[in-house]
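To keep things clear, I will list the structure first and then write my remarks on it.
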Amino acid sequence: MAKILPTDGIWIPESCSFPEDVMIDMMEGLFRDVPNLTHKEYLALADLQSRWMAKLANRQPESNPLPPKPKKRKKIAPKKQDQPVEEKGSEVDIYDVDDNEMVNNRIYIPRLRSAWRARYFNIMMRAFVIKRGLLNKHINWQILDKIMAAPDAEGQAELQAFVDKVVAGQEM
Amino acid sequence: MNYQHYRATTLGRTLQDTLDEMMERGDITKKIANLVLLRYDKSISTALKDHGTSNMSFTAERLETFRCCDNVWTLILKDAEFREDQHSLKVDVVKIVACLGTDNGNE
């Protein structure tokens with residue numbers, strides 16, 4: 001099968017006379033639809049016809065510019081919520097410190113529910129609370145749901161208040 | 001319905017270039033130039049309807065994009081081949097813009 005090239009002289013038959021068909025129809029329509037043409041305008045249209053034809057004869061079809069390629073969307077990683085900054089401090093064996101000494105207990109809560117993410121909270125408490133495991137029996141789903149639904153700072157404050165309350169109850 | 005997208009053809013571009021040149025020289029007013037372009041939109045639609053009787057078939061390796069917005073279909077074909085009788089024409093990219101042929105949308 002022969003390949004058509006723009007310069008090989010093979011044209012669709014109608015395409016050769018098509019510009020002239022358009023031009024004739026256009027001029028007839030203009031002279032008919034615009035009755036108040038002045039003599040100057042009439043001459044200008046006649047001049048337009050010849051200039052247009054001359055320009056067309058020397059112009060090869062031009063390819064339309066390609067549409068711009070859609071920009072690839074950059075995948076933006078979801079921002080991780082800032083974890084509470086881990087305090088740099090030496091870890092100590094809880095049984096080496098005095099019972100009444102205030103220690104920072106890093107409480108870790110794993111992802112027990114699908115909607116949660118694993119988090120930890122730095123809670124200040126006296127050493128004896130940890131040694132005796134006073135918090136274990138008081139931790140319940142209600143408080144866990146509450147602190148895990150809250151932002152980090154708020155959750156930490158809630159848990160601190162809860163711990164303080166439990167400890168106060170134990171001391172009474 | 002007369003569309004203006006035929007002004008982007010070689011025929012339309014040369015007409016606009018000629019009108020621009022004549023306006024710059026003061027041979028033609030902007031009002032007449034606009035009337036000419038409006039009439040061109042109508043005449044080329046008529047000419048396509050009355051004189052465009054040739055048929056070509058085409059195939060394409062890939063339909064890159066297709067969309068329909070405000071009753072205007074736009075298709076972009078990659079590696080298309082047009083055939084007429086014994087001849088074929090290969091084109092890397094073809095953009096097809098298809099609009100309704102009449103005001104009432106029946107064609």
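Naming scheme: A, B, ... for chains in displayed order of the structure tokens; residues 1 onward per chain; ligands 1 onward as shown.
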Using DSSP assignments from the backbone, pull out every residue in stretch 43-72 of chain B that falls under strand (DSSP E) and give it to me as a PyMOL selection string.
chain B and resi 57-69+72
Write a file of the selected residues as an mmCIF file, in the first residue's frame, keeping all heavy atoms.
```cif
data_model
loop_
_atom_site.group_PDB
_atom_site.id
_atom_site.type_symbol
_atom_site.label_atom_id
_atom_site.label_comp_id
_atom_site.auth_asym_id
_atom_site.auth_seq_id
_atom_site.Cartn_x
_atom_site.Cartn_y
_atom_site.Cartn_z
ATOM 1 N N SER B 57 -11.106 5.651 5.762
ATOM 2 C CA SER B 57 -11.215 4.883 7.005
ATOM 3 C C SER B 57 -9.907 5.029 7.765
ATOM 4 O O SER B 57 -8.865 5.317 7.165
ATOM 5 C CB SER B 57 -11.506 3.413 6.707
ATOM 6 O OG SER B 57 -10.454 2.871 5.942
ATOM 7 N N PHE B 58 -10.000 4.897 9.044
ATOM 8 C CA PHE B 58 -8.754 5.018 9.805
ATOM 9 C C PHE B 58 -8.777 4.081 11.006
ATOM 10 O O PHE B 58 -9.841 3.700 11.503
ATOM 11 C CB PHE B 58 -8.509 6.467 10.258
ATOM 12 C CG PHE B 58 -9.524 6.987 11.245
ATOM 13 C CD1 PHE B 58 -9.333 6.831 12.604
ATOM 14 C CD2 PHE B 58 -10.662 7.627 10.804
ATOM 15 C CE1 PHE B 58 -10.255 7.315 13.513
ATOM 16 C CE2 PHE B 58 -11.601 8.111 11.704
ATOM 17 C CZ PHE B 58 -11.401 7.954 13.059
ATOM 18 N N THR B 59 -7.599 3.723 11.390
ATOM 19 C CA THR B 59 -7.426 2.937 12.617
ATOM 20 C C THR B 59 -6.306 3.594 13.421
ATOM 21 O O THR B 59 -5.532 4.372 12.883
ATOM 22 C CB THR B 59 -7.026 1.477 12.309
ATOM 23 O OG1 THR B 59 -5.851 1.494 11.495
ATOM 24 C CG2 THR B 59 -8.129 0.719 11.613
ATOM 25 N N ALA B 60 -6.267 3.273 14.679
ATOM 26 C CA ALA B 60 -5.208 3.842 15.521
ATOM 27 C C ALA B 60 -4.731 2.791 16.502
ATOM 28 O O ALA B 60 -5.498 1.914 16.914
ATOM 29 C CB ALA B 60 -5.717 5.068 16.265
ATOM 30 N N GLU B 61 -3.465 2.879 16.820
ATOM 31 C CA GLU B 61 -2.904 1.941 17.797
ATOM 32 C C GLU B 61 -3.496 2.179 19.179
ATOM 33 O O GLU B 61 -3.739 1.254 19.932
ATOM 34 C CB GLU B 61 -1.377 2.123 17.864
ATOM 35 C CG GLU B 61 -0.635 1.674 16.633
ATOM 36 C CD GLU B 61 -0.598 0.171 16.493
ATOM 37 O OE1 GLU B 61 -0.486 -0.508 17.519
ATOM 38 O OE2 GLU B 61 -0.701 -0.316 15.350
ATOM 39 N N ARG B 62 -3.714 3.448 19.460
ATOM 40 C CA ARG B 62 -4.137 3.767 20.827
ATOM 41 C C ARG B 62 -5.044 4.998 20.840
ATOM 42 O O ARG B 62 -4.804 5.960 20.119
ATOM 43 C CB ARG B 62 -2.902 4.050 21.693
ATOM 44 C CG ARG B 62 -3.172 4.112 23.170
ATOM 45 C CD ARG B 62 -1.950 3.675 23.955
ATOM 46 N NE ARG B 62 -0.738 4.355 23.516
ATOM 47 C CZ ARG B 62 -0.179 5.348 24.181
ATOM 48 N NH1 ARG B 62 -0.696 5.778 25.287
ATOM 49 N NH2 ARG B 62 0.919 5.902 23.744
ATOM 50 N N LEU B 63 -6.085 4.917 21.645
ATOM 51 C CA LEU B 63 -6.917 6.089 21.913
ATOM 52 C C LEU B 63 -6.375 6.710 23.194
ATOM 53 O O LEU B 63 -6.603 6.213 24.292
ATOM 54 C CB LEU B 63 -8.381 5.678 22.085
ATOM 55 C CG LEU B 63 -9.361 6.769 22.493
ATOM 56 C CD1 LEU B 63 -9.412 7.889 21.479
ATOM 57 C CD2 LEU B 63 -10.755 6.180 22.693
ATOM 58 N N GLU B 64 -5.605 7.769 23.007
ATOM 59 C CA GLU B 64 -4.883 8.363 24.147
ATOM 60 C C GLU B 64 -5.835 9.042 25.126
ATOM 61 O O GLU B 64 -5.753 8.855 26.327
ATOM 62 C CB GLU B 64 -3.872 9.379 23.617
ATOM 63 C CG GLU B 64 -3.028 10.063 24.665
ATOM 64 C CD GLU B 64 -1.894 9.194 25.167
ATOM 65 O OE1 GLU B 64 -1.733 8.067 24.666
ATOM 66 O OE2 GLU B 64 -1.178 9.648 26.073
ATOM 67 N N THR B 65 -6.741 9.841 24.591
ATOM 68 C CA THR B 65 -7.655 10.619 25.429
ATOM 69 C C THR B 65 -9.013 10.686 24.762
ATOM 70 O O THR B 65 -9.082 10.787 23.542
ATOM 71 C CB THR B 65 -7.126 12.070 25.584
ATOM 72 O OG1 THR B 65 -5.793 12.031 26.054
ATOM 73 C CG2 THR B 65 -7.968 12.869 26.563
ATOM 74 N N PHE B 66 -10.061 10.644 25.526
ATOM 75 C CA PHE B 66 -11.374 10.975 24.985
ATOM 76 C C PHE B 66 -12.167 11.693 26.056
ATOM 77 O O PHE B 66 -12.078 11.366 27.225
ATOM 78 C CB PHE B 66 -12.116 9.729 24.473
ATOM 79 C CG PHE B 66 -12.495 8.748 25.541
ATOM 80 C CD1 PHE B 66 -13.762 8.772 26.107
ATOM 81 C CD2 PHE B 66 -11.591 7.808 25.994
ATOM 82 C CE1 PHE B 66 -14.106 7.860 27.090
ATOM 83 C CE2 PHE B 66 -11.921 6.906 26.983
ATOM 84 C CZ PHE B 66 -13.177 6.930 27.534
ATOM 85 N N ARG B 67 -12.869 12.723 25.638
ATOM 86 C CA ARG B 67 -13.703 13.455 26.592
ATOM 87 C C ARG B 67 -14.839 14.139 25.851
ATOM 88 O O ARG B 67 -14.737 14.418 24.651
ATOM 89 C CB ARG B 67 -12.869 14.477 27.364
ATOM 90 C CG ARG B 67 -12.157 15.493 26.509
ATOM 91 C CD ARG B 67 -11.423 16.506 27.359
ATOM 92 N NE ARG B 67 -10.585 17.356 26.539
ATOM 93 C CZ ARG B 67 -9.297 17.119 26.285
ATOM 94 N NH1 ARG B 67 -8.714 16.047 26.812
ATOM 95 N NH2 ARG B 67 -8.599 17.917 25.520
ATOM 96 N N CYS B 68 -15.906 14.390 26.562
ATOM 97 C CA CYS B 68 -17.052 15.094 25.989
ATOM 98 C C CYS B 68 -17.398 16.231 26.943
ATOM 99 O O CYS B 68 -17.697 15.992 28.111
ATOM 100 C CB CYS B 68 -18.236 14.152 25.817
ATOM 101 S SG CYS B 68 -19.682 14.979 25.130
ATOM 102 N N CYS B 69 -17.302 17.439 26.445
ATOM 103 C CA CYS B 69 -17.605 18.595 27.284
ATOM 104 C C CYS B 69 -18.472 19.546 26.474
ATOM 105 O O CYS B 69 -18.105 19.922 25.361
ATOM 106 C CB CYS B 69 -16.299 19.275 27.697
ATOM 107 S SG CYS B 69 -16.547 20.647 28.818
ATOM 108 N N VAL B 72 -19.151 18.656 22.945
ATOM 109 C CA VAL B 72 -17.999 18.617 22.030
ATOM 110 C C VAL B 72 -17.135 17.416 22.433
ATOM 111 O O VAL B 72 -16.614 17.366 23.548
ATOM 112 C CB VAL B 72 -17.166 19.910 22.102
ATOM 113 C CG1 VAL B 72 -15.953 19.817 21.184
ATOM 114 C CG2 VAL B 72 -18.013 21.113 21.718
#
```
Got a sec to pull out which chain B residues are within 7 Å of chain A, counting only C-alpha atoms, and send them as a list in words?
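So the contacting residues turn out to be Thr10, Leu11, Thr14, Leu15, Thr18, Asp27, Ile28, Arg39, Tyr40, Ser43, Ile44, Ala47, His51, Gly52, Gln86, His87, Ser88 and Leu89 of chain B.
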Can you tell me, as a PyMOL selection string, which residues in stretch 17-102 of chain B count as helix (DSSP H, G or I) by DSSP?
chain B and resi 17-25+30-51
Contacts of B:Val93 within 8 Å, only C-alpha atoms, excl. fewer than 5 positions in-chain, as a list in words:
Ile76, Leu77, Lys78, Asp79 and Ala80 of chain B
